[in-house]
Every structure is written in structure tokens, then in C-alpha cells.
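Written below as C-alpha cells is the structure these notes are about.
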Amino acid sequence: MRSAPLASRVLVLNSGSSSLKYQLLDMRDSTRLATGLVERIGEQTSRLKHTCLVSGRTHELNGPIADHDAALKAAGEELVKDGLGLDSPELAAIGHRVVHGGMFFTEPTLVDDAVLTEIERLIPIAPLHNPANLTGIRTAQALRPDLPQVAVFDTAFHTTMPESASRYAIDVKIADRHRVRRYGFHGTSHAYVSRATAQLLGKAPSEVNVIVLHLGNGASASAVRGGRCVDTSMGLTPLEGLVMGTRSGDLDPAVIFHLQRVGGMSMDEIDTLLNKGSGLFGLCGDNDMREIRRRIDEGDEEAQLAFDIYIHRLKKYIGAYYAVLGRVDAVAFTAGVGENASPVREAALSGLEELGLVVDSELNAVRGDGPRLISPEHARVAVAVVPTDEELEIATQTYALVGKNSRVNS
Ligand code: AMP
């Protein structure tokens, strides 16, 4: 007996503590059918912004949206107006971004009660993200209990890191008891961009070594050997590594003791300082690279120093990952800053010609939508700008898992 054709739509949900981002994709050709964002959930001033990419219809709704359940229902109503209702038999699955999967989740995973329990068990090491992600899954389950729900973890791509890269040099027993190790984040983006970079070079992912620089408001670097992550800059939490919009990235842990003992700050205050009041924002009062570049153009020294510190750290990671990989075929820039800020790309690689890293100024200045090379034609190492697409990657992984399961079961 032939099985029924697989429904081809996937809804991707990215739930934050007070926001819900959604995209509906048709996986026959990976096209986006609709996208939307609900912000300030639980406040009087909630806002839903919805765009149907089939008809071009956009809609904005302002007013209180009490919780994630109401947010998903409001999004569902907008989708109904576009003839894309979530009760459609065309919907194959719902894919969820889950930030922390610990060491347990190495792949996209079909959600069941045991999976929910494990995601919940990880809350102590991801207190800001996993509770919101769980809420999103439970809300979607309530809406379509019959549909497969798939969790796609930000940490999964990094579970291939060797112990030498994923352990901190602290007492092993204490580390293991409290699950303290380097997990890494932005994995969905690093996976997508490293693969897309290989494709841009006309090679299989297994043939190339890539340094991926995901530079958004959060930022992380990864070293990818033959399609597998061997090191990444974020650690137990997304605080470690590069200088970010508002996060400090690497610092001497003794800074924390000092601020507490000598500065009289509480742990919560230090946590907030390092996560929300540091990075570019802490250095110069702005976390948007556009504004920082504008200030630099006007001769602002504070903005220039913030930029220089950002670039210095970035360059150190490029050098470190070059050493980790031994041979580098490509360096790929992605996310808001990486895709748009040509001065960041130029400055990060300047002076690295001896390593085969050269940026062609003209190519670097050209703006474009798709993946592109910005290194000269015969450069030893390709330098690429590769727009990330985490939603497409979540949808692709979700659809592949659902397809595999339906083949197994048919
Ligand atoms: P993301 O987290 O990937 O959405 O990136 C957001 C950040 O990208 C913003 O905070 C800006 O710093 C940066 N960004 C976005 N557009 C531009 C642009 N055209 N030029 C420079 N930086 C940009």
C-alpha cells in the first residue's frame, strides 16, 4: 500500500520570555509562506506584526496579548486569513528552537514527555531561555496535539567538540556534578552557514574546514572541520567569547570576585552588568554597529575604542581557530554585523595576509542578498559573506526528521 503524500508545511516557532517569532515554510521548495512576531507578551502594549509572503498582505495588531497561548492563537488567526490556517492537513510538523540541549540532545528530537522533562532539567544552566522555549512547545502541543513537535537545539551542532575543547580546567568532579562545561550556542546558524559556505565553494561539507563568525547582537565563532564543530567561543552560557552587543564575552573570572568583594555588587547585579550592560554598549553606550560606525565617522574616540576592542577579540579568535584547524579553506561572516558591516570584515582580517586571509575591498563594499565571496579570485583562503537562516535550518531539520519517521512507520 502506498502511503499518503507527506504534508509539506512546517511552522517554526522561536519563543522568548515575552516574544514569539514564527515562520511558516513550504518544504517542497523551502519557500517562506508567512512570517510574524509577537512582542511584549503579557503587557498592555503587546504587538503582533504579520506578513504573508504569498499575497504580500501585512497586518499589525496593537493591544494586550496575555500569554503565549493567546499569541499563537492570534498568529493562527492571521494565518487563517491568508488561507494558511494551522488546522490545515498541509501542516506536517512544528519545529521549535530550543536554546539549551546540554550534552543529551545531539540532534533534532521528536518531543515527548521524557524530552520535555529533560529540557526542564536543563533550566538551571539556561534560566533565561529554556523556560520560554518549553512554554512555546506546550502551547503548540495544546493547539495541535496530533502533530509532531520537533525540538531543534542551539547546542546540538557543538556536541561534536572534543573533550579538550569542551572542558574547563577546573576540578572534574565539581564540573560534572554541576554539568559545568562548554556547550556553545548559535549552533543552528553555525551548521547552516558552514554547509552553505562549502556549497559556495562547490565542495561537500566533509571536504572543507571553515571558521564561522556569527556576529549579531549576540556573537560567536566556531571552528568546523569537515562539517563537524571542533571548537566554539560560547561556553556554559552565551556569555563567553567574543565582545557582543551588551555581553562582555571573555574576562578573567576574578573580575567577578573583585566586583563583589571590593565593588560591593551583588551576584545578580554582576550578572546583569556582564550580560546586559557590557560589550559594545558598556564600552560606548551603543550596541548597534551602524550607530558606532556613524560616531566613528564623526571622530568619536569612545566609539572608536569600542570598535577596536571588538575587532581585537575577533582577530584573536580567528587566529586561535586557524591554529585549531591547521588548514582553513574559508572564513564566513554571518548575522546582522557579519552580513552588513563591511568595515568589521575588513578590520578583522587586516594584517592576516601571511595566513592567506585577504579581503578584496571592492567586493567587500558590494551589498548583496545571497552568499558571496569577498576574497580575491586566487586567494589561499576564501572569505565569504553567508546570510544565516536559522528558521530555514530548523524547518529543514524538522521536516527531515518527520519524513524519516513517516518512512520508518509506513
Ligand atoms: P542580529 O542579532 O543578527 O539580528 O544582528 C543585529 C545587529 O546587527 C544590530 O544590533 C547591529 O549592530 C547590526 N546591524 C544590522 N544591520 C546593520 C548594518 N546595515 N550595518 C552594520 N551593522 C548592522
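By order in the C-alpha cells, chains are A, B, ...; within a chain, residues start at 1; ligands start at 1, following the order shown.
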* Name all residues at most 7 Å from stretch 361-372 of chain A (count only C-alpha atoms; drop same-chain ones fewer than 6 positions away) and give them as an NGL selection string. => :A and (342 or 384-387)
Using C-alpha atoms, can you export the residues from the last selection as an mmCIF file, in the first residue's frame?
data_model
loop_
_atom_site.group_PDB
_atom_site.id
_atom_site.type_symbol
_atom_site.label_atom_id
_atom_site.label_comp_id
_atom_site.auth_asym_id
_atom_site.auth_seq_id
_atom_site.Cartn_x
_atom_site.Cartn_y
_atom_site.Cartn_z
ATOM 1 C CA SER A 342 31.989 45.764 5.707
ATOM 2 C CA ALA A 384 32.670 34.686 2.405
ATOM 3 C CA VAL A 385 29.579 36.565 3.493
ATOM 4 C CA VAL A 386 26.851 33.993 4.054
ATOM 5 C CA PRO A 387 23.451 35.191 5.283
#
* Considering only C-alpha atoms, return as a VMD selection string whatever protein or nucleic-acid residues lie within 6 Å of stretch 225-229 of chain A, sequence-local ones (same chain, fewer than 3 positions apart) excluded. => chain A and resid 158 160 to 161 205 to 209
So that I can check the surroundings of A:Val337, please list as a PDB file with C-alpha atoms, in the first residue's frame every protein, DNA and RNA residue that reaches within 6 Å of it, counting only C-alpha atoms and ignoring chain neighbours fewer than 3 positions away.
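Done, and the output landed in selection-v7.pdb:
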ATOM      1  CA  LEU A 215      28.282  38.409  14.522  1.00  0.00           C
ATOM      2  CA  GLY A 216      24.861  39.639  15.591  1.00  0.00           C
ATOM      3  CA  ASN A 340      26.222  44.094   6.757  1.00  0.00           C
ATOM      4  CA  ALA A 341      29.217  45.765   8.334  1.00  0.00           C
TER       5      ALA A 341
END
Sorted by chain and rising residue number, list the residues of chain A at most 12 Å from ligand 1 (counting only C-alpha atoms and all ligand atoms), each with its closest atom pair and distance in Å to one decimal, as a tab-separated table.
residue	atom	partner	partner_atom_place_in_ligand_line	distance
A:His186	CA	ligand 1	3 (O)	10.5
A:Ser189	CA	ligand 1	3 (O)	10.2
A:Leu213	CA	ligand 1	3 (O)	11.2
A:His214	CA	ligand 1	3 (O)	7.7
A:Leu215	CA	ligand 1	3 (O)	6.5
A:Gly216	CA	ligand 1	5 (O)	3.5
A:Asn217	CA	ligand 1	2 (O)	3.9
A:Gly218	CA	ligand 1	2 (O)	5.8
A:Ala219	CA	ligand 1	2 (O)	7.8
A:Ser220	CA	ligand 1	3 (O)	10.9
A:Val243	CA	ligand 1	12 (O)	11.9
A:Met244	CA	ligand 1	12 (O)	9.1
A:Gly245	CA	ligand 1	10 (O)	6.5
A:Thr246	CA	ligand 1	10 (O)	9.5
A:Gly279	CA	ligand 1	12 (O)	11.5
A:Leu280	CA	ligand 1	12 (O)	9.2
A:Phe281	CA	ligand 1	10 (O)	10.2
A:Asp286	CA	ligand 1	12 (O)	8.9
A:Asn287	CA	ligand 1	10 (O)	5.9
A:Asp288	CA	ligand 1	12 (O)	3.5
A:Met289	CA	ligand 1	12 (O)	3.7
A:Arg290	CA	ligand 1	21 (C)	4.3
A:Glu291	CA	ligand 1	12 (O)	7.8
A:Ile292	CA	ligand 1	12 (O)	8.3
A:Arg293	CA	ligand 1	21 (C)	7.7
A:Arg294	CA	ligand 1	21 (C)	9.7
A:Phe307	CA	ligand 1	12 (O)	11.3
A:Tyr310	CA	ligand 1	12 (O)	11.8
A:Phe333	CA	ligand 1	3 (O)	11.0
A:Thr334	CA	ligand 1	3 (O)	7.8
A:Ala335	CA	ligand 1	3 (O)	3.9
A:Gly336	CA	ligand 1	8 (O)	3.2
A:Val337	CA	ligand 1	13 (C)	4.2
A:Gly338	CA	ligand 1	8 (O)	7.6
A:Glu339	CA	ligand 1	17 (C)	7.6
A:Asn340	CA	ligand 1	18 (C)	4.5
A:Ala341	CA	ligand 1	21 (C)	4.2
A:Ser342	CA	ligand 1	21 (C)	7.8
A:Pro343	CA	ligand 1	21 (C)	8.7
A:Val344	CA	ligand 1	21 (C)	8.5
A:Arg345	CA	ligand 1	21 (C)	10.7
A:Ala365	CA	ligand 1	20 (N)	11.6
A:Arg367	CA	ligand 1	19 (N)	9.5
A:Gly368	CA	ligand 1	19 (N)	11.4
A:Pro387	CA	ligand 1	3 (O)	9.5
A:Thr388	CA	ligand 1	3 (O)	8.5
A:Asp389	CA	ligand 1	3 (O)	10.1
A:Glu390	CA	ligand 1	3 (O)	10.4
* **Counting only C-alpha atoms, the option among A:Leu122, A:Leu355, A:Val193, A:Leu373 closest to A:Gly326** =>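 Using only C-alpha atoms, A:Gly326 sits closest to A:Leu355.
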* So which bits of stretch 18-203 of chain A end up strand (DSSP E or B) when you DSSP the backbone, as a ChimeraX atom specification? -> /A:20-26,31-39,47-52,58-62,91-98,109-110,149-153
* To do: Skip A:Leu110 itself and residues of its chain fewer than 5 positions away, then list as a list in words all residues within 12 Å of it, counting only C-alpha atoms.
  =>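 Once the nearby chain positions are removed, what remains is Ala93, Ile94, Gly95, His96, Phe105, Val115, Leu116, Ile137, Leu147, Pro148, Gln149, Val150, Ala151, Val152, Phe153, Gln397, Thr398, Tyr399, Ala400, Leu401, Val402, Gly403, Lys404 and Asn405 of chain A.
Using only C-alpha atoms, the smallest distance between any of A:Leu273, A:Ala75, A:Ala204, A:Ala347 and A:Gln260 comes from A:Leu273.
The closest residue to A:Val54, picked from A:Leu33, A:Val359, A:Leu325, A:Leu305 and counting only C-alpha atoms, is A:Leu33.
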* Asked: A:Ile211: which residues within 7 Å, counting only C-alpha atoms, same-chain residues fewer than 2 positions away excluded, as a PyMOL selection string?
  -> chain A and resi 213+222-224+321+330-332
* **Residue neighbourhood A:Asp154, 6 Å, only C-alpha atoms, exclusion window fewer than 3 positions, as a list of chain:residue names** =>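 In the requested format, the answer is A:Val99, A:Phe185, A:His186, A:Gly187, A:Thr188.
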* Asked: What lies within 8 Å of stretch 24-32 of chain A using only C-alpha atoms, ignoring chain neighbours under 5 positions off, as JSON, numbers by chain?
  -> {"A": [8, 9, 10, 11, 12, 53, 392, 395, 396, 399]}
How would the residues just picked look written out with N, CA, C and O atoms as an mmCIF file, in the first residue's frame?
data_model
loop_
_atom_site.group_PDB
_atom_site.id
_atom_site.type_symbol
_atom_site.label_atom_id
_atom_site.label_comp_id
_atom_site.auth_asym_id
_atom_site.auth_seq_id
_atom_site.Cartn_x
_atom_site.Cartn_y
_atom_site.Cartn_z
ATOM 1 N N SER A 8 3.485 19.188 3.500
ATOM 2 C CA SER A 8 4.780 19.811 3.205
ATOM 3 C C SER A 8 5.074 21.099 3.974
ATOM 4 O O SER A 8 6.126 21.685 3.806
ATOM 5 N N ARG A 9 4.125 21.541 4.816
ATOM 6 C CA ARG A 9 4.400 22.794 5.535
ATOM 7 C C ARG A 9 4.968 22.531 6.917
ATOM 8 O O ARG A 9 4.562 21.591 7.597
ATOM 9 N N VAL A 10 5.887 23.424 7.303
ATOM 10 C CA VAL A 10 6.434 23.362 8.667
ATOM 11 C C VAL A 10 6.298 24.749 9.301
ATOM 12 O O VAL A 10 6.641 25.757 8.676
ATOM 13 N N LEU A 11 5.759 24.766 10.518
ATOM 14 C CA LEU A 11 5.711 26.015 11.281
ATOM 15 C C LEU A 11 6.914 26.025 12.215
ATOM 16 O O LEU A 11 7.144 25.066 12.950
ATOM 17 N N VAL A 12 7.698 27.097 12.155
ATOM 18 C CA VAL A 12 8.860 27.227 13.040
ATOM 19 C C VAL A 12 8.524 28.247 14.126
ATOM 20 O O VAL A 12 8.089 29.362 13.824
ATOM 21 N N LEU A 53 3.756 36.125 2.778
ATOM 22 C CA LEU A 53 4.653 36.341 1.643
ATOM 23 C C LEU A 53 4.047 35.824 0.336
ATOM 24 O O LEU A 53 4.597 36.060 -0.733
ATOM 25 N N LEU A 392 15.000 28.517 8.414
ATOM 26 C CA LEU A 392 15.026 27.514 7.344
ATOM 27 C C LEU A 392 15.740 26.248 7.826
ATOM 28 O O LEU A 392 15.308 25.127 7.543
ATOM 29 N N ALA A 395 13.424 24.375 10.066
ATOM 30 C CA ALA A 395 12.379 23.735 9.258
ATOM 31 C C ALA A 395 12.942 22.531 8.506
ATOM 32 O O ALA A 395 12.307 21.472 8.436
ATOM 33 N N THR A 396 14.152 22.681 7.958
ATOM 34 C CA THR A 396 14.768 21.586 7.191
ATOM 35 C C THR A 396 15.005 20.382 8.099
ATOM 36 O O THR A 396 14.683 19.241 7.745
ATOM 37 N N TYR A 399 11.597 18.836 9.123
ATOM 38 C CA TYR A 399 10.955 18.115 8.013
ATOM 39 C C TYR A 399 11.689 16.805 7.726
ATOM 40 O O TYR A 399 11.072 15.772 7.466
#
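Using only C-alpha atoms for every distance, the candidate list A:Arg97, A:Arg295, A:Glu354, A:Leu128 yields A:Leu128 as the residue closest to A:Thr272.
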* Asked: What is the atom CA of A:His312 to atom CA of A:Val358 distance in Å?
  ->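 Interatomic distance here is 17.0 Å.
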* To do: Could you tell me, as JSON, numbers by chain, which residues of stretch 135-378 of chain A DSSP assigns to alpha helix (DSSP H) when given the backbone?
  => {"A": [135, 136, 137, 138, 139, 140, 141, 142, 143, 163, 164, 165, 166, 172, 173, 174, 175, 176, 177, 187, 188, 189, 190, 191, 192, 193, 194, 195, 196, 197, 198, 199, 200, 254, 255, 256, 257, 258, 259, 260, 261, 267, 268, 269, 270, 271, 272, 273, 274, 275, 276, 279, 280, 281, 282, 283, 284, 289, 290, 291, 292, 293, 294, 295, 296, 297, 301, 302, 303, 304, 305, 306, 307, 308, 309, 310, 311, 312, 313, 314, 315, 316, 317, 318, 319, 320, 321, 322, 323, 324, 325, 335, 336, 337, 338, 339, 340, 342, 343, 344, 345, 346, 347, 348, 349, 361, 362, 363, 364, 365]}
